[in-house]
file data-v6.txt (compact mmCIF, C-alpha atoms and all ligand atoms)
# COMPACT_ATOMS: atom_id res chain seq x y z
CA MET K 75 0.00 0.00 0.00
CA THR K 76 1.33 3.42 -0.93
CA ASP K 77 -1.64 5.53 0.18
CA ARG K 78 -1.43 6.96 -3.34
CA SER K 79 -5.14 7.66 -3.38
CA PHE K 80 -5.22 10.04 -0.43
CA ARG K 81 -1.69 11.22 0.45
CA PHE K 82 -0.49 14.05 -1.78
CA SER K 83 2.28 16.65 -1.71
CA HIS K 84 0.58 19.00 -4.19
CA ALA K 85 -2.74 20.33 -5.40
CA ILE K 86 -3.72 22.62 -8.27
CA THR K 87 -6.71 24.96 -8.01
CA ARG K 88 -8.00 27.73 -10.26
CA LYS K 89 -9.54 31.01 -9.13
CA PRO K 90 -13.24 31.35 -9.95
CA ALA K 91 -13.88 33.82 -12.80
CA ARG K 92 -16.59 36.50 -12.88
CA SER K 93 -18.19 34.42 -15.63
CA ILE K 94 -18.93 31.75 -13.00
CA THR K 95 -22.50 33.05 -13.09
CA GLU K 96 -22.75 31.45 -16.57
CA GLY K 97 -21.56 28.03 -15.31
CA LEU K 98 -23.40 24.86 -16.31
CA ARG K 99 -26.11 23.56 -13.98
CA ALA K 100 -28.74 20.83 -14.12
CA VAL K 101 -31.35 22.93 -12.34
CA ASP K 102 -31.25 26.71 -12.06
CA THR K 103 -31.48 27.68 -8.39
CA GLY K 104 -30.02 31.15 -8.95
CA ALA K 105 -26.64 32.56 -9.89
CA PRO K 106 -23.69 31.85 -7.60
CA ASP K 107 -22.37 34.81 -5.62
CA LEU K 108 -18.74 35.37 -6.65
CA ALA K 109 -17.59 36.97 -3.37
CA ARG K 110 -19.07 34.16 -1.30
CA MET K 111 -17.56 31.57 -3.62
CA GLN K 112 -14.15 33.25 -3.32
CA ALA K 113 -14.40 33.09 0.48
CA HIS K 114 -15.27 29.37 0.40
CA HIS K 115 -12.49 28.77 -2.12
CA ALA K 116 -9.95 30.50 0.13
CA ASP K 117 -11.04 28.35 3.07
CA TYR K 118 -10.72 25.22 0.90
CA ILE K 119 -7.17 26.14 -0.18
CA ALA K 120 -6.11 27.04 3.36
CA THR K 121 -7.38 23.67 4.55
CA LEU K 122 -5.40 21.81 1.89
CA ARG K 123 -2.30 23.82 2.85
CA SER K 124 -2.83 23.07 6.55
CA THR K 125 -1.88 19.46 5.81
CA GLY K 126 1.58 20.59 4.64
CA ALA K 127 0.82 20.38 0.91
CA THR K 128 1.86 22.89 -1.75
CA VAL K 129 -1.18 24.39 -3.48
CA VAL K 130 -0.67 26.02 -6.87
CA GLU K 131 -3.41 28.58 -7.54
CA LEU K 132 -3.90 29.25 -11.24
CA ASP K 133 -5.37 32.50 -12.53
CA ALA K 134 -9.05 32.73 -13.43
CA LEU K 135 -10.01 31.85 -17.00
CA PRO K 136 -13.00 34.07 -17.84
CA ALA K 137 -13.54 32.36 -21.21
CA TYR K 138 -14.44 29.17 -19.34
CA PRO K 139 -17.17 29.75 -16.74
CA ASP K 140 -16.73 26.30 -15.18
CA SER K 141 -12.92 26.40 -15.04
CA VAL K 142 -12.82 26.61 -11.22
CA PHE K 143 -13.76 22.90 -11.37
CA VAL K 144 -10.24 21.82 -12.35
CA GLU K 145 -10.72 18.18 -11.44
CA ASP K 146 -12.54 17.51 -14.69
CA THR K 147 -9.54 18.43 -16.85
CA ALA K 148 -7.07 15.72 -15.84
CA LEU K 149 -6.40 12.53 -13.91
CA CYS K 150 -3.23 12.56 -11.82
CA LEU K 151 -1.68 9.15 -11.19
CA PRO K 152 1.61 8.22 -9.51
CA ALA K 153 3.36 7.62 -12.86
CA GLY K 154 1.99 10.64 -14.73
CA ALA K 155 -1.06 12.67 -15.66
CA ILE K 156 -3.72 12.08 -18.30
CA VAL K 157 -5.37 15.15 -19.85
CA MET K 158 -9.10 14.53 -20.23
CA ARG K 159 -11.52 15.27 -23.08
CA PRO K 160 -14.55 16.80 -21.33
CA GLY K 161 -17.94 15.77 -22.66
CA ALA K 162 -19.40 19.24 -22.06
CA PRO K 163 -18.62 21.20 -25.26
CA SER K 164 -18.17 24.47 -23.32
CA ARG K 165 -15.47 22.78 -21.20
CA LEU K 166 -13.41 21.05 -23.90
CA GLY K 167 -10.84 23.87 -24.07
CA GLU K 168 -10.19 23.82 -20.32
CA ALA K 169 -8.19 20.60 -20.61
CA ALA K 170 -5.67 22.13 -23.03
CA GLU K 171 -5.27 25.08 -20.62
CA MET K 172 -4.30 22.68 -17.83
CA ALA K 173 -1.81 20.56 -19.80
CA PRO K 174 1.22 22.91 -19.64
CA HIS K 175 0.86 23.31 -15.86
CA LEU K 176 0.88 19.55 -15.44
CA GLU K 177 3.92 19.26 -17.69
CA THR K 178 5.81 21.79 -15.57
CA LEU K 179 4.84 20.36 -12.21
CA TYR K 180 4.51 16.72 -12.93
CA GLY K 181 6.68 15.30 -15.68
CA GLU K 182 4.94 12.74 -17.83
CA VAL K 183 1.67 13.86 -19.39
CA ARG K 184 -0.47 11.88 -21.85
CA ARG K 185 -3.68 12.95 -23.56
CA ILE K 186 -7.09 11.52 -24.44
CA THR K 187 -7.31 12.40 -28.13
CA GLY K 188 -9.96 10.20 -29.81
CA ALA K 189 -12.55 12.29 -31.62
CA ASP K 190 -15.28 10.05 -30.14
CA SER K 191 -13.68 9.79 -26.70
CA PHE K 192 -15.17 11.82 -23.87
CA ILE K 193 -14.17 11.59 -20.24
CA GLU K 194 -14.19 14.01 -17.27
CA GLY K 195 -12.19 13.68 -14.06
CA GLY K 196 -15.34 13.89 -11.94
CA ASP K 197 -16.29 10.43 -13.20
CA ILE K 198 -13.03 8.87 -12.01
CA LEU K 199 -12.32 7.47 -8.55
CA MET K 200 -8.74 6.33 -7.96
CA THR K 201 -8.27 3.83 -5.16
CA GLU K 202 -5.18 1.99 -3.99
CA THR K 203 -5.74 -0.88 -6.41
CA GLU K 204 -7.86 0.32 -9.32
CA ILE K 205 -9.40 3.21 -11.21
CA LEU K 206 -13.19 3.19 -11.25
CA VAL K 207 -14.78 5.19 -14.06
CA GLY K 208 -18.51 5.86 -14.20
CA ARG K 209 -20.19 6.16 -17.57
CA SER K 210 -22.30 9.29 -17.53
CA ALA K 211 -23.67 12.01 -19.79
CA ARG K 212 -20.06 13.37 -19.85
CA THR K 213 -18.01 10.15 -20.02
CA ASN K 214 -18.47 7.45 -22.65
CA ALA K 215 -17.17 3.95 -23.32
CA ALA K 216 -14.63 5.19 -25.88
CA GLY K 217 -13.17 7.63 -23.35
CA ILE K 218 -12.91 4.93 -20.71
CA ALA K 219 -11.30 2.48 -23.16
CA GLU K 220 -8.74 5.11 -24.19
CA LEU K 221 -7.92 5.83 -20.54
CA ALA K 222 -7.38 2.09 -19.97
CA ARG K 223 -5.03 1.88 -23.00
CA LEU K 224 -3.07 4.97 -21.97
CA THR K 225 -2.47 3.78 -18.41
CA ALA K 226 -1.94 0.03 -18.93
CA ASP K 227 1.86 0.27 -19.07
CA TRP K 228 1.75 2.22 -15.78
CA GLY K 229 0.21 -0.91 -14.25
CA GLU K 230 -3.22 0.66 -13.83
CA VAL K 231 -6.43 -1.38 -13.85
CA VAL K 232 -9.48 0.53 -15.10
CA ARG K 233 -12.95 -0.72 -14.15
CA GLU K 234 -16.00 0.70 -15.92
CA VAL K 235 -19.00 1.32 -13.68
CA HIS K 236 -22.14 3.43 -13.94
CA THR K 237 -22.98 6.89 -12.69
CA PRO K 238 -26.60 6.85 -11.41
CA PRO K 239 -29.10 8.29 -13.92
CA GLY K 240 -29.58 12.03 -13.56
CA VAL K 241 -26.38 12.42 -11.51
CA LEU K 242 -23.69 14.64 -13.06
CA HIS K 243 -20.56 12.64 -12.22
CA PHE K 244 -19.69 9.33 -10.57
CA LYS K 245 -17.96 11.20 -7.75
CA THR K 246 -20.97 13.45 -7.25
CA ASP K 247 -22.21 10.37 -5.40
CA CYS K 248 -19.08 8.92 -3.77
CA SER K 249 -15.61 9.59 -2.42
CA LEU K 250 -12.67 7.66 -1.05
CA LEU K 251 -12.12 8.03 2.71
CA ASP K 252 -9.15 5.70 3.16
CA ALA K 253 -7.60 2.68 1.47
CA GLU K 254 -10.60 0.48 2.21
CA THR K 255 -13.49 2.88 2.80
CA ILE K 256 -15.83 4.70 0.44
CA LEU K 257 -18.51 7.24 1.31
CA SER K 258 -21.46 6.78 -1.03
CA THR K 259 -25.06 7.61 -1.63
CA PRO K 260 -27.30 4.60 -1.04
CA ARG K 261 -28.47 4.79 -4.70
CA LEU K 262 -24.88 4.25 -5.90
CA SER K 263 -23.72 1.71 -3.30
CA ALA K 264 -26.86 -0.34 -4.03
CA SER K 265 -25.46 -1.00 -7.52
CA GLY K 266 -22.84 -3.25 -5.92
CA CYS K 267 -19.88 -1.48 -7.50
CA PHE K 268 -18.12 -1.14 -4.14
CA ALA K 269 -18.44 -4.81 -3.13
CA SER K 270 -14.75 -5.10 -2.23
CA TYR K 271 -14.74 -1.95 -0.06
CA ARG K 272 -16.17 -0.92 3.29
CA VAL K 273 -18.98 1.52 2.50
CA ILE K 274 -20.36 4.31 4.66
CA ASP K 275 -23.64 5.59 3.23
CA VAL K 276 -24.54 9.26 3.53
CA ALA K 277 -27.68 9.95 5.56
CA GLU K 278 -30.98 9.94 3.69
CA GLY K 279 -31.71 13.36 2.25
CA GLU K 280 -27.99 14.31 2.45
CA GLU K 281 -26.94 12.99 -0.96
CA ALA K 282 -24.95 16.17 -1.63
CA ALA K 283 -22.61 15.22 1.23
CA ALA K 284 -21.16 12.29 -0.75
CA ASN K 285 -18.62 14.40 -2.63
CA THR K 286 -15.85 14.84 -0.07
CA ILE K 287 -12.09 14.52 -0.39
CA ARG K 288 -9.62 12.70 1.78
CA PHE K 289 -6.47 14.84 1.58
CA ASN K 290 -3.59 13.63 3.75
CA ASP K 291 -4.93 13.39 7.31
CA LEU K 292 -8.13 15.37 6.70
CA VAL K 293 -11.52 14.78 5.14
CA LEU K 294 -12.96 17.95 3.60
CA MET K 295 -16.74 17.81 3.41
CA PRO K 296 -19.37 20.35 2.39
CA ALA K 297 -20.94 22.15 5.35
CA GLY K 298 -24.58 21.57 6.22
CA PHE K 299 -24.94 17.79 6.44
CA PRO K 300 -24.95 17.05 10.19
CA ARG K 301 -26.11 13.44 10.12
CA THR K 302 -23.46 12.39 7.59
CA ARG K 303 -20.86 14.43 9.49
CA ASP K 304 -21.73 12.50 12.65
CA ARG K 305 -21.32 9.18 10.82
CA LEU K 306 -17.85 10.20 9.66
CA LEU K 307 -16.87 11.46 13.10
CA ALA K 308 -18.09 8.20 14.63
CA ALA K 309 -15.88 6.33 12.13
CA GLY K 310 -12.89 8.31 13.40
CA PHE K 311 -12.18 10.70 10.52
CA ASP K 312 -10.66 14.14 11.11
CA LEU K 313 -13.17 16.41 9.35
CA ARG K 314 -13.18 19.97 8.09
CA GLU K 315 -16.48 21.42 6.89
CA ILE K 316 -16.17 23.87 4.00
CA GLY K 317 -18.94 26.14 2.73
CA ASN K 318 -20.15 24.90 -0.65
CA SER K 319 -23.42 26.79 -1.21
CA GLU K 320 -22.22 28.61 -4.34
CA CYS K 321 -20.47 25.68 -6.07
CA ALA K 322 -23.51 23.53 -5.27
CA LYS K 323 -25.62 25.83 -7.48
CA LEU K 324 -23.40 24.58 -10.34
CA ASP K 325 -23.42 20.93 -9.24
CA GLY K 326 -19.89 21.19 -7.86
CA GLY K 327 -18.44 19.86 -4.61
CA MET K 328 -15.18 19.24 -2.79
CA SER K 329 -13.41 17.01 -5.32
CA CYS K 330 -14.13 19.25 -8.33
CA LEU K 331 -12.09 22.13 -6.95
CA SER K 332 -8.62 20.57 -7.09
CA LEU K 333 -6.25 18.20 -8.80
CA ARG K 334 -4.34 16.31 -6.14
CA PHE K 335 -1.04 14.56 -6.77
CA THR K 336 2.56 13.86 -5.83
CA PRO K 337 5.05 14.67 -8.59
CA ARG K 338 7.40 11.85 -9.48
CA GLY K 339 10.96 11.95 -8.11
C1 LIG K 401 -20.29 21.23 -14.84
O1 LIG K 401 -21.49 21.00 -15.04
O2 LIG K 401 -19.40 20.76 -15.54
C2 LIG K 401 -19.91 22.12 -13.68
N1 LIG K 401 -20.95 23.10 -13.51
C3 LIG K 401 -19.71 21.34 -12.42
C4 LIG K 401 -18.54 20.41 -12.48
C5 LIG K 401 -18.33 19.66 -11.22
N2 LIG K 401 -17.18 18.85 -11.31
C6 LIG K 401 -17.02 17.69 -10.68
O3 LIG K 401 -17.95 17.17 -10.08
N3 LIG K 401 -15.86 17.07 -10.81
call {"tool": "encode", "arguments": {"input": "data-v6.txt", "output": "structure tokens", "more": "lines below"}}
Ligand code: CIR
result
Amino acid sequence: MTDRSFRFSHAITRKPARSITEGLRAVDTGAPDLARMQAHHADYIATLRSTGATVVELDALPAYPDSVFVEDTALCLPAGAIVMRPGAPSRLGEAAEMAPHLETLYGEVRRITGADSFIEGGDILMTETEILVGRSARTNAAGIAELARLTADWGEVVREVHTPPGVLHFKTDCSLLDAETILSTPRLSASGCFASYRVIDVAEGEEAAANTIRFNDLVLMPAGFPRTRDRLLAAGFDLREIGNSECAKLDGGMSCLSLRFTPRG
């Protein structure tokens, strides 16, 4: 065990742009407030840094309203990074914007290039032993197959699973808490895809609490989900609650806001 899936020396984030008000959303519950989002974002970054990690904050990209959600642009693995091909047409260009930063920080970078291949980082859950990828409205079989081909010589095993219908990304509904433990919504865990893991279900009615991140010794979770918080505290996790009201209006959560990795050598 390397703890590769939750111990990281680095993270990359991107400042939210003013155009965030134009970000994609499944249901319009009102425009996000930029100042409040910036405050939550600052708290998020400070919490990552409190674990001793280096956080690289990239400048805002006003041409891409959703570009604060950097996770969707790449997958960072121990051997190198894979630049994604987002299935949302308005987000396709964000991946190319991320590539040079990964090259500088990381070393080896490969790219999903197939014209029919679509895959977003939010659909990918890396564990100690495998990479689970949920098919979704943003991620298709060709994208998953290309990811498997590109990472095979790094010793990676890719397993295709399903994102629940109507859910944006696979990780909207789950997150890794430690080498053996996954936090999930009951609708996703009921599919059986986590049979070889210990599963903690979020409390009923708190589905939006499922997107957390384990980052070094901490679990960052969105604020406002007391029954799920109590389950995680009872399981012994060291939690930090971060305001997520503005990102939630755009279907975003804790994982979307960073790329987390440890550069090679
Ligand atoms: C989108 O629809 O693409 C953004 N509004 C939200 C992306 C959230 N990203 C993630 O879950 N990894």
call {"tool": "residues_near_ligand", "arguments": {"input": "data-v6.txt", "ligand": "ligand LIG 401 (chain K)", "cutoff": "8 Å", "atoms": "all atoms listed in the file", "output": "list in words"}}
result
Gly97, Leu98, Arg99, Ala100, Asp140, Phe143, Val144, Glu145, Asp146, Ala162, Arg165, Glu194, Gly195, Gly196, Asp197, Leu242, His243, Lys245, Thr246, Asn285, Cys321, Leu324, Asp325, Gly326, Gly327, Ser329, Cys330 and Leu331 of chain K
call {"tool": "axis_aligned_box", "arguments": {"input": "data-v6.txt", "around": "stretch 333-336 of chain K", "padding_each_side": "3 Å", "output": "AutoDock Vina command-line options"}}
result
--center_x -1.8 --center_y 16.0 --center_z -7.3 --size_x 14.8 --size_y 10.3 --size_z 9.0
call {"tool": "closest_atom_pairs", "arguments": {"input": "data-v6.txt", "of": "stretch 271-326 of chain K", "to": "stretch 80-91 of chain K", "cutoff": "7 Å", "atoms": "all atoms listed in the file", "output": "CSV"}}
result
residue,atom,partner,partner_atom,distance
K:Arg288,CA,K:Phe80,CA,5.6
K:Phe289,CA,K:Phe80,CA,5.4
K:Asn290,CA,K:Arg81,CA,4.5
call {"tool": "closest_residue", "arguments": {"input": "data-v6.txt", "among": "K:Met328, K:Leu206, K:Pro300, K:Val293", "to": "K:Leu313", "atoms": "only C-alpha atoms"}}
result
K:Val293
call {"tool": "closest_residue", "arguments": {"input": "data-v6.txt", "among": "K:Leu224, K:Asp291, K:Thr187, K:Ser79", "to": "K:Asp312", "atoms": "all atoms listed in the file"}}
result
K:Asp291
call {"tool": "atom_distance", "arguments": {"input": "data-v6.txt", "atom1": "atom CA of K:Arg92", "atom2": "atom CA of K:Gly104"}}
result
15.0 Å
call {"tool": "atom_distance", "arguments": {"input": "data-v6.txt", "atom1": "atom CA of K:Ala283", "atom2": "atom CA of K:Thr302"}}
result
7.0 Å
call {"tool": "residues_near_point", "arguments": {"input": "data-v6.txt", "point": "(-10.5, 14.3, -21.5)", "cutoff": "10 Å", "atoms": "all atoms listed in the file", "output": "PyMOL selection string"}}
result
chain K and resi 146-149+156-161+165-170+185-188+191-195+212-213+217-218+220-221
call {"tool": "write_last_selection", "arguments": {"input": "data-v6.txt", "atoms": "C-alpha atoms", "output": "PDB file, in the frame of the given file"}}
result
ATOM      1  CA  ASP K 146     -12.540  17.510 -14.690  1.00  0.00           C
ATOM      2  CA  THR K 147      -9.540  18.430 -16.850  1.00  0.00           C
ATOM      3  CA  ALA K 148      -7.070  15.720 -15.840  1.00  0.00           C
ATOM      4  CA  LEU K 149      -6.400  12.530 -13.910  1.00  0.00           C
ATOM      5  CA  ILE K 156      -3.720  12.080 -18.300  1.00  0.00           C
ATOM      6  CA  VAL K 157      -5.370  15.150 -19.850  1.00  0.00           C
ATOM      7  CA  MET K 158      -9.100  14.530 -20.230  1.00  0.00           C
ATOM      8  CA  ARG K 159     -11.520  15.270 -23.080  1.00  0.00           C
ATOM      9  CA  PRO K 160     -14.550  16.800 -21.330  1.00  0.00           C
ATOM     10  CA  GLY K 161     -17.940  15.770 -22.660  1.00  0.00           C
ATOM     11  CA  ARG K 165     -15.470  22.780 -21.200  1.00  0.00           C
ATOM     12  CA  LEU K 166     -13.410  21.050 -23.900  1.00  0.00           C
ATOM     13  CA  GLY K 167     -10.840  23.870 -24.070  1.00  0.00           C
ATOM     14  CA  GLU K 168     -10.190  23.820 -20.320  1.00  0.00           C
ATOM     15  CA  ALA K 169      -8.190  20.600 -20.610  1.00  0.00           C
ATOM     16  CA  ALA K 170      -5.670  22.130 -23.030  1.00  0.00           C
ATOM     17  CA  ARG K 185      -3.680  12.950 -23.560  1.00  0.00           C
ATOM     18  CA  ILE K 186      -7.090  11.520 -24.440  1.00  0.00           C
ATOM     19  CA  THR K 187      -7.310  12.400 -28.130  1.00  0.00           C
ATOM     20  CA  GLY K 188      -9.960  10.200 -29.810  1.00  0.00           C
ATOM     21  CA  SER K 191     -13.680   9.790 -26.700  1.00  0.00           C
ATOM     22  CA  PHE K 192     -15.170  11.820 -23.870  1.00  0.00           C
ATOM     23  CA  ILE K 193     -14.170  11.590 -20.240  1.00  0.00           C
ATOM     24  CA  GLU K 194     -14.190  14.010 -17.270  1.00  0.00           C
ATOM     25  CA  GLY K 195     -12.190  13.680 -14.060  1.00  0.00           C
ATOM     26  CA  ARG K 212     -20.060  13.370 -19.850  1.00  0.00           C
ATOM     27  CA  THR K 213     -18.010  10.150 -20.020  1.00  0.00           C
ATOM     28  CA  GLY K 217     -13.170   7.630 -23.350  1.00  0.00           C
ATOM     29  CA  ILE K 218     -12.910   4.930 -20.710  1.00  0.00           C
ATOM     30  CA  GLU K 220      -8.740   5.110 -24.190  1.00  0.00           C
ATOM     31  CA  LEU K 221      -7.920   5.830 -20.540  1.00  0.00           C
TER      32      LEU K 221
END
call {"tool": "closest_residue", "arguments": {"input": "data-v6.txt", "among": "K:Thr259, K:Ile198, K:Leu294, K:Gly229", "to": "K:Glu278", "atoms": "only C-alpha atoms"}}
result
K:Thr259
call {"tool": "closest_residue", "arguments": {"input": "data-v6.txt", "among": "K:Ser124, K:Gly298, K:Ala153, K:Pro337", "to": "K:Ala226", "atoms": "all atoms listed in the file"}}
result
K:Ala153
call {"tool": "closest_residue", "arguments": {"input": "data-v6.txt", "among": "K:Glu315, K:Asp247, K:Glu280, K:Asp117", "to": "K:Phe299", "atoms": "all atoms listed in the file"}}
result
K:Glu280
call {"tool": "atom_distance", "arguments": {"input": "data-v6.txt", "atom1": "atom CA of K:Arg110", "atom2": "atom CA of K:Asp133"}}
result
17.8 Å
call {"tool": "closest_residue", "arguments": {"input": "data-v6.txt", "among": "K:Ala308, K:Ala269, K:Val101, K:Gly154", "to": "K:Val241", "atoms": "only C-alpha atoms"}}
result
K:Val101
